[in-house]
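This is coords05.cif. It holds mmCIF, C-alpha atoms.
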data_work
loop_
_atom_site.group_PDB
_atom_site.id
_atom_site.type_symbol
_atom_site.label_atom_id
_atom_site.label_comp_id
_atom_site.auth_asym_id
_atom_site.auth_seq_id
_atom_site.Cartn_x
_atom_site.Cartn_y
_atom_site.Cartn_z
ATOM 1 C CA MET K 1 -13.132 24.205 -0.531
ATOM 2 C CA ARG K 2 -11.647 22.565 -3.609
ATOM 3 C CA TYR K 3 -8.724 20.180 -3.308
ATOM 4 C CA ILE K 4 -6.286 18.042 -5.264
ATOM 5 C CA SER K 5 -5.269 14.715 -3.740
ATOM 6 C CA VAL K 6 -1.927 13.108 -4.595
ATOM 7 C CA PHE K 7 -0.749 9.598 -3.704
ATOM 8 C CA SER K 8 -4.501 9.209 -3.409
ATOM 9 C CA GLY K 9 -4.992 5.541 -2.553
ATOM 10 C CA ILE K 10 -8.716 4.885 -2.215
ATOM 11 C CA GLU K 11 -9.264 8.490 -1.072
ATOM 12 C CA ALA K 12 -9.556 8.631 2.707
ATOM 13 C CA ALA K 13 -9.382 12.426 2.418
ATOM 14 C CA SER K 14 -12.542 12.484 0.313
ATOM 15 C CA VAL K 15 -14.341 10.220 2.792
ATOM 16 C CA ALA K 16 -13.503 12.765 5.494
ATOM 17 C CA TRP K 17 -14.199 15.912 3.513
ATOM 18 C CA SER K 18 -17.201 15.098 1.323
ATOM 19 C CA PRO K 19 -19.658 15.562 4.254
ATOM 20 C CA LEU K 20 -18.280 19.110 4.498
ATOM 21 C CA GLY K 21 -19.133 19.784 0.879
ATOM 22 C CA TRP K 22 -15.503 19.942 -0.223
ATOM 23 C CA GLU K 23 -14.904 19.226 -3.917
ATOM 24 C CA PRO K 24 -12.086 17.080 -5.358
ATOM 25 C CA LEU K 25 -10.629 18.483 -8.568
ATOM 26 C CA ALA K 26 -8.186 15.688 -9.414
ATOM 27 C CA PHE K 27 -6.426 12.635 -8.014
ATOM 28 C CA SER K 28 -2.999 11.139 -8.672
ATOM 29 C CA GLU K 29 -2.737 7.376 -8.166
ATOM 30 C CA ILE K 30 -0.987 4.600 -10.132
ATOM 31 C CA GLU K 31 -1.814 1.322 -8.348
ATOM 32 C CA PRO K 32 -4.484 -0.690 -10.204
ATOM 33 C CA PHE K 33 -6.847 -1.526 -7.339
ATOM 34 C CA PRO K 34 -7.027 1.979 -5.792
ATOM 35 C CA SER K 35 -7.354 3.443 -9.299
ATOM 36 C CA ALA K 36 -10.319 1.148 -9.965
ATOM 37 C CA VAL K 37 -11.917 2.245 -6.687
ATOM 38 C CA LEU K 38 -11.451 5.898 -7.621
ATOM 39 C CA ALA K 39 -12.941 5.351 -11.084
ATOM 40 C CA SER K 40 -15.983 3.662 -9.540
ATOM 41 C CA ARG K 41 -16.608 6.086 -6.694
ATOM 42 C CA PHE K 42 -15.512 9.317 -8.355
ATOM 43 C CA PRO K 43 -16.264 8.858 -12.075
ATOM 44 C CA ASP K 44 -16.254 12.605 -12.726
ATOM 45 C CA VAL K 45 -12.891 13.297 -11.066
ATOM 46 C CA PRO K 46 -9.828 12.720 -13.278
ATOM 47 C CA ASN K 47 -7.051 10.456 -12.041
ATOM 48 C CA LEU K 48 -3.886 12.030 -13.441
ATOM 49 C CA GLY K 49 -1.817 8.919 -12.776
ATOM 50 C CA ASP K 50 1.942 9.007 -12.234
ATOM 51 C CA ILE K 51 2.732 12.148 -10.229
ATOM 52 C CA THR K 52 6.207 12.381 -11.733
ATOM 53 C CA LYS K 53 4.622 12.940 -15.153
ATOM 54 C CA VAL K 54 1.835 15.346 -14.202
ATOM 55 C CA ASP K 55 1.832 18.846 -15.668
ATOM 56 C CA TRP K 56 0.087 20.917 -13.003
ATOM 57 C CA SER K 57 -0.128 24.110 -15.063
ATOM 58 C CA SER K 58 -3.790 23.672 -16.022
ATOM 59 C CA TYR K 59 -4.731 23.440 -12.314
ATOM 60 C CA ALA K 60 -2.563 26.307 -11.055
ATOM 61 C CA GLY K 61 -4.526 28.479 -8.636
ATOM 62 C CA ALA K 62 -7.619 26.260 -8.832
ATOM 63 C CA ALA K 63 -7.214 24.295 -5.598
ATOM 64 C CA ASP K 64 -7.650 25.573 -2.058
ATOM 65 C CA VAL K 65 -5.886 22.511 -0.627
ATOM 66 C CA VAL K 66 -3.320 19.951 -1.766
ATOM 67 C CA VAL K 67 -3.445 16.780 0.325
ATOM 68 C CA GLY K 68 -1.423 13.593 0.216
ATOM 69 C CA GLY K 69 0.878 11.174 1.969
ATOM 70 C CA SER K 70 3.996 10.551 -0.073
ATOM 71 C CA PRO K 71 5.409 6.989 0.172
ATOM 72 C CA CYS K 72 6.551 6.130 3.674
ATOM 73 C CA GLN K 73 8.564 2.947 3.116
ATOM 74 C CA SER K 74 12.040 4.429 3.425
ATOM 75 C CA PHE K 75 11.020 6.728 6.300
ATOM 76 C CA SER K 76 9.506 3.950 8.396
ATOM 77 C CA ILE K 77 11.498 2.497 11.280
ATOM 78 C CA ALA K 78 10.257 -0.900 10.059
ATOM 79 C CA GLY K 79 12.002 -0.416 6.719
ATOM 80 C CA LYS K 80 15.585 0.048 5.569
ATOM 81 C CA ARG K 81 15.615 3.729 6.566
ATOM 82 C CA GLU K 82 16.920 4.813 3.162
ATOM 83 C CA GLY K 83 15.317 8.209 3.629
ATOM 84 C CA LEU K 84 14.973 10.381 0.563
ATOM 85 C CA ALA K 85 17.204 8.007 -1.421
ATOM 86 C CA GLY K 86 14.360 5.441 -1.399
ATOM 87 C CA ALA K 87 10.679 5.561 -2.304
ATOM 88 C CA SER K 88 10.115 8.384 0.176
ATOM 89 C CA GLY K 89 12.094 10.621 -2.164
ATOM 90 C CA LEU K 90 8.765 11.130 -3.935
ATOM 91 C CA MET K 91 8.281 13.756 -1.228
ATOM 92 C CA PHE K 92 9.915 16.101 -3.742
ATOM 93 C CA GLU K 93 7.023 15.498 -6.149
ATOM 94 C CA TYR K 94 4.644 16.571 -3.398
ATOM 95 C CA ILE K 95 6.695 19.746 -2.981
ATOM 96 C CA ARG K 96 6.596 20.320 -6.746
ATOM 97 C CA ALA K 97 2.808 19.968 -6.751
ATOM 98 C CA VAL K 98 2.468 22.582 -4.018
ATOM 99 C CA ARG K 99 4.971 24.874 -5.760
ATOM 100 C CA GLU K 100 3.128 24.747 -9.074
ATOM 101 C CA LEU K 101 -0.442 24.673 -7.750
ATOM 102 C CA ARG K 102 0.000 27.351 -5.048
ATOM 103 C CA PRO K 103 -2.951 26.262 -2.878
ATOM 104 C CA ARG K 104 -3.847 28.273 0.189
ATOM 105 C CA PHE K 105 -3.373 25.170 2.349
ATOM 106 C CA PHE K 106 -1.548 21.870 2.110
ATOM 107 C CA VAL K 107 -1.831 18.722 4.235
ATOM 108 C CA TRP K 108 0.994 16.143 4.206
ATOM 109 C CA GLU K 109 0.711 12.857 6.089
ATOM 110 C CA ASN K 110 3.325 10.220 6.840
ATOM 111 C CA VAL K 111 4.686 7.792 9.420
ATOM 112 C CA PRO K 112 6.281 9.279 12.567
ATOM 113 C CA GLY K 113 9.602 7.883 11.357
ATOM 114 C CA ALA K 114 9.640 10.752 8.859
ATOM 115 C CA LEU K 115 10.563 13.044 11.746
ATOM 116 C CA SER K 116 13.787 11.163 12.518
ATOM 117 C CA SER K 117 14.793 9.901 9.067
ATOM 118 C CA GLU K 118 18.329 10.969 8.160
ATOM 119 C CA GLY K 119 18.684 12.405 11.642
ATOM 120 C CA GLY K 120 15.767 14.751 11.007
ATOM 121 C CA ALA K 121 17.339 16.189 7.847
ATOM 122 C CA ALA K 122 14.667 14.813 5.489
ATOM 123 C CA PHE K 123 11.778 16.384 7.392
ATOM 124 C CA GLY K 124 13.863 19.512 7.892
ATOM 125 C CA GLN K 125 14.279 19.810 4.142
ATOM 126 C CA LEU K 126 10.523 19.533 3.670
ATOM 127 C CA LEU K 127 9.991 22.338 6.180
ATOM 128 C CA SER K 128 12.670 24.454 4.527
ATOM 129 C CA GLU K 129 11.175 23.985 1.055
ATOM 130 C CA MET K 130 7.699 24.947 2.258
ATOM 131 C CA ASP K 131 9.081 27.937 4.125
ATOM 132 C CA ASP K 132 10.778 29.099 0.922
ATOM 133 C CA LEU K 133 7.392 28.851 -0.828
ATOM 134 C CA GLY K 134 5.876 31.172 1.772
ATOM 135 C CA TYR K 135 3.940 28.683 3.897
ATOM 136 C CA GLY K 136 3.600 28.855 7.656
ATOM 137 C CA VAL K 137 3.528 25.296 8.990
ATOM 138 C CA ALA K 138 2.590 23.183 11.997
ATOM 139 C CA TRP K 139 2.944 19.444 12.548
ATOM 140 C CA ARG K 140 1.601 16.915 14.989
ATOM 141 C CA VAL K 141 1.475 13.153 15.524
ATOM 142 C CA LEU K 142 -2.095 11.837 15.788
ATOM 143 C CA ASP K 143 -3.289 8.319 16.588
ATOM 144 C CA ALA K 144 -6.231 6.589 14.888
ATOM 145 C CA GLN K 145 -7.427 5.129 18.202
ATOM 146 C CA PHE K 146 -8.586 8.625 19.153
ATOM 147 C CA PHE K 147 -10.640 8.949 15.972
ATOM 148 C CA GLY K 148 -13.211 6.269 16.723
ATOM 149 C CA VAL K 149 -11.058 3.419 15.350
ATOM 150 C CA ALA K 150 -10.156 0.403 17.506
ATOM 151 C CA GLN K 151 -6.587 0.425 16.250
ATOM 152 C CA ARG K 152 -3.426 2.225 17.236
ATOM 153 C CA ARG K 153 -2.100 3.867 14.058
ATOM 154 C CA ARG K 154 0.109 6.884 14.582
ATOM 155 C CA ARG K 155 0.793 9.343 11.769
ATOM 156 C CA VAL K 156 2.401 12.743 11.512
ATOM 157 C CA PHE K 157 0.332 15.488 9.882
ATOM 158 C CA LEU K 158 1.988 18.597 8.486
ATOM 159 C CA VAL K 159 -0.300 21.503 7.634
ATOM 160 C CA GLY K 160 0.755 24.643 5.822
ATOM 161 C CA CYS K 161 -1.018 27.920 5.141
ATOM 162 C CA LEU K 162 0.220 30.324 2.485
ATOM 163 C CA GLY K 163 1.339 33.659 3.891
ATOM 164 C CA ASP K 164 -0.063 33.062 7.389
ATOM 165 C CA PRO K 165 2.356 31.586 9.960
ATOM 166 C CA GLY K 166 -0.315 31.144 12.640
ATOM 167 C CA ARG K 167 -3.189 29.640 10.683
ATOM 168 C CA ALA K 168 -1.689 26.155 10.356
ATOM 169 C CA SER K 169 -1.398 25.920 14.144
ATOM 170 C CA GLU K 170 -5.071 26.827 14.460
ATOM 171 C CA VAL K 171 -5.946 23.909 12.188
ATOM 172 C CA LEU K 172 -4.041 21.322 14.227
ATOM 173 C CA PHE K 173 -4.282 22.798 17.728
ATOM 174 C CA GLU K 174 -7.522 24.102 19.237
ATOM 175 C CA PRO K 175 -6.762 25.531 22.722
ATOM 176 C CA ASP K 176 -10.372 25.644 23.888
ATOM 177 C CA CYS K 177 -10.767 21.939 23.039
ATOM 178 C CA LEU K 178 -7.601 20.585 24.621
ATOM 179 C CA ARG K 179 -7.905 18.138 27.490
ATOM 180 C CA TRP K 180 -5.198 16.523 29.563
ATOM 181 C CA ASP K 181 -7.239 13.893 31.440
ATOM 182 C CA HIS K 182 -7.768 11.391 28.623
ATOM 183 C CA PRO K 183 -8.304 7.720 29.391
ATOM 184 C CA SER K 184 -5.377 5.369 28.898
ATOM 185 C CA SER K 185 -4.830 3.749 25.504
ATOM 186 C CA ARG K 186 -6.078 0.427 26.896
ATOM 187 C CA ASP K 187 -9.265 1.979 28.302
ATOM 188 C CA LYS K 188 -9.866 3.840 25.040
ATOM 189 C CA ARG K 189 -9.479 0.668 22.957
ATOM 190 C CA GLN K 190 -11.914 -1.188 25.224
ATOM 191 C CA GLU K 191 -14.401 1.660 24.891
ATOM 192 C CA LEU K 192 -14.130 1.671 21.101
ATOM 193 C CA ALA K 193 -14.364 -2.112 20.866
ATOM 194 C CA GLY K 194 -17.511 -2.029 22.982
ATOM 195 C CA ALA K 195 -19.041 0.624 20.760
ATOM 196 C CA ALA K 196 -18.192 -1.419 17.669
ATOM 197 C CA GLY K 197 -19.855 -4.473 19.155
ATOM 198 C CA ALA K 198 -22.967 -2.509 20.005
ATOM 199 C CA GLY K 199 -23.203 -1.402 16.397
ATOM 200 C CA ALA K 200 -23.217 -4.934 14.962
ATOM 201 C CA GLY K 201 -26.295 -6.431 13.368
ATOM 202 C CA GLY K 202 -27.164 -3.582 11.038
ATOM 203 C CA ASN K 203 -27.296 -0.782 13.609
ATOM 204 C CA ARG K 204 -24.263 1.033 12.313
ATOM 205 C CA GLN K 205 -23.945 4.688 13.220
ATOM 206 C CA PRO K 206 -22.429 7.409 11.038
ATOM 207 C CA VAL K 207 -18.693 7.850 11.551
ATOM 208 C CA ALA K 208 -17.280 11.319 12.162
ATOM 209 C CA TYR K 209 -13.928 12.122 10.608
ATOM 210 C CA GLY K 210 -11.556 14.850 11.714
ATOM 211 C CA PHE K 211 -8.609 15.770 13.865
ATOM 212 C CA ALA K 212 -8.673 14.969 17.586
ATOM 213 C CA GLN K 213 -6.536 15.696 20.611
ATOM 214 C CA ASN K 214 -4.743 12.808 22.277
ATOM 215 C CA THR K 215 -2.234 12.231 25.031
ATOM 216 C CA ARG K 216 0.481 10.712 22.840
ATOM 217 C CA ASP K 217 1.265 13.753 20.697
ATOM 218 C CA GLU K 218 4.866 14.272 19.678
ATOM 219 C CA VAL K 219 5.477 17.886 18.819
ATOM 220 C CA ARG K 220 8.969 19.011 17.900
#

Will you turn the file into structure tokens for me?
Amino acid sequence: MRYISVFSGIEAASVAWSPLGWEPLAFSEIEPFPSAVLASRFPDVPNLGDITKVDWSSYAGAADVVVGGSPCQSFSIAGKREGLAGASGLMFEYIRAVRELRPRFFVWENVPGALSSEGGAAFGQLLSEMDDLGYGVAWRVLDAQFFGVAQRRRRVFLVGCLGDPGRASEVLFEPDCLRWDHPSSRDKRQELAGAAGAGAGGNRQPVAYGFAQNTRDEVR
């Protein structure tokens, strides 16, 4: 699988996907520190910089996946809730990237507040735009504490598959793996904290990255 990452940061997607043998084709990041990290860790992968100025034509059809989390500040309930009128309006640049690149899959990540921003109209517009492009979609709120991290960090993930309305659901929801008897959040945090303590002193274990089921999903 080959992918293009936008709003790349320090490339969490590549940390997750490189063990699978997935190949990054390009990044898009403007902040100095993350850009320096990308240049150091991925010297052979171009950073295209400001997404609003990128011409995607040379990459059209080359990527299997487009992944990225457009700015969340004006979606977040902790912010001014400006919606698409604020920084989160860069969501339209994510849509443009998908439109021009035409990947088989896309993955969009953001704060749960994206679901309710502008009374749901902002997220609804994203769904409508992707539907017009021919993508079947599924979305789900996942929490970092169920990924081996001793921190509660909830994010919404939207997955789309070109021309296949059911495939995105298969990515985010695995019926034969679902459980409904999970430990409480407090018990899970204690378990993870204990595991972290046991790994101190140089006995660190490899970390597995991926999607996981949890009991706090919000599916609308």

Report as an mmCIF file with C-alpha atoms, in the frame of the given file the residues that result from applying the PyMOL selection byres ((chain K and resi 57) around 12) to the structure here.
data_model
loop_
_atom_site.group_PDB
_atom_site.id
_atom_site.type_symbol
_atom_site.label_atom_id
_atom_site.label_comp_id
_atom_site.auth_asym_id
_atom_site.auth_seq_id
_atom_site.Cartn_x
_atom_site.Cartn_y
_atom_site.Cartn_z
ATOM 1 C CA VAL K 54 1.835 15.346 -14.202
ATOM 2 C CA ASP K 55 1.832 18.846 -15.668
ATOM 3 C CA TRP K 56 0.087 20.917 -13.003
ATOM 4 C CA SER K 58 -3.790 23.672 -16.022
ATOM 5 C CA TYR K 59 -4.731 23.440 -12.314
ATOM 6 C CA ALA K 60 -2.563 26.307 -11.055
ATOM 7 C CA GLY K 61 -4.526 28.479 -8.636
ATOM 8 C CA ALA K 62 -7.619 26.260 -8.832
ATOM 9 C CA ALA K 63 -7.214 24.295 -5.598
ATOM 10 C CA ARG K 96 6.596 20.320 -6.746
ATOM 11 C CA ALA K 97 2.808 19.968 -6.751
ATOM 12 C CA VAL K 98 2.468 22.582 -4.018
ATOM 13 C CA ARG K 99 4.971 24.874 -5.760
ATOM 14 C CA GLU K 100 3.128 24.747 -9.074
ATOM 15 C CA LEU K 101 -0.442 24.673 -7.750
ATOM 16 C CA ARG K 102 0.000 27.351 -5.048
#

Measuring atom to atom with only C-alpha atoms, identify which of K:Ala144, K:Met130, K:Val111, K:Ile4 is nearest to Gly68 in chain K.
->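 Of all the options, K:Ile4 lies closest to Gly68 in chain K.
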
For a cut-off of 6 Å around (-0.3, 12.7, 12.5), file coordinates, pick out all residues using all atoms listed in the file and list them as a count of residues only.
-> 6

Measure the distance from CA of Pro24 in chain K to CA of Gln145 in chain K in Å and round it to one decimal.
->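 Taking CA of Pro24 in chain K and CA of Gln145 in chain K, their separation equals 26.8 Å.
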
Nearest to Ala122 in chain K, restricted to only C-alpha atoms and choosing among K:Met91, K:Val149, K:Gly136, K:Gly163, comes out as K:Met91

Taking the file as shown, find all residues satisfying the PyMOL selection byres ((chain K and resi 39-52) around 7) and write them as number ranges by chain.
-> K: 24-30, 35-38, 53-54, 93

Shell around Val159 in chain K at 6 Å using all atoms listed in the file, local window under 4 positions removed, as a list in words |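 Here the qualifying residues turn out to be Phe106, Val107, Val137, Ala138 and Ala168 of chain K.
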
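The shortest atom-to-atom distance to Trp17 in chain K, with only C-alpha atoms taken into account, belongs to K:Met1 out of K:Leu172, K:Met1, K:Glu109, K:Glu31.
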
Given the file above and the PyMOL selection byres ((chain K and resi 125) around 12), which residues are selected, and can you give them as a VMD selection string?
-> chain K and resid 83 to 84 89 91 to 92 95 114 to 115 117 to 124 126 to 132

What is the CA of Gly148 in chain K to CA of Cys161 in chain K distance in Å?
->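 These atoms are spaced 27.4 Å apart.
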
Quote the spacing between CA of Pro19 in chain K and CA of Ala150 in chain K in Å to one decimal place.
->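 Computed distance, CA of Pro19 in chain K to CA of Ala150 in chain K, equals 22.3 Å.
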
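Distances here use all atoms listed in the file; by that measure, the residue among K:Val66, K:Arg2, K:Gly21, K:Arg104 closest to Arg167 in chain K is K:Arg104.
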
If you take every atom of range 31-37 of chain K that the file lists and fit an axis-aligned box around them with 3 Å extra on each side, what centre and edge lengths come out in Å to one decimal, as lines of an AutoDock Vina configuration file?
center_x = -6.9
center_y = 1.0
center_z = -8.0
size_x = 16.1
size_y = 11.0
size_z = 10.4
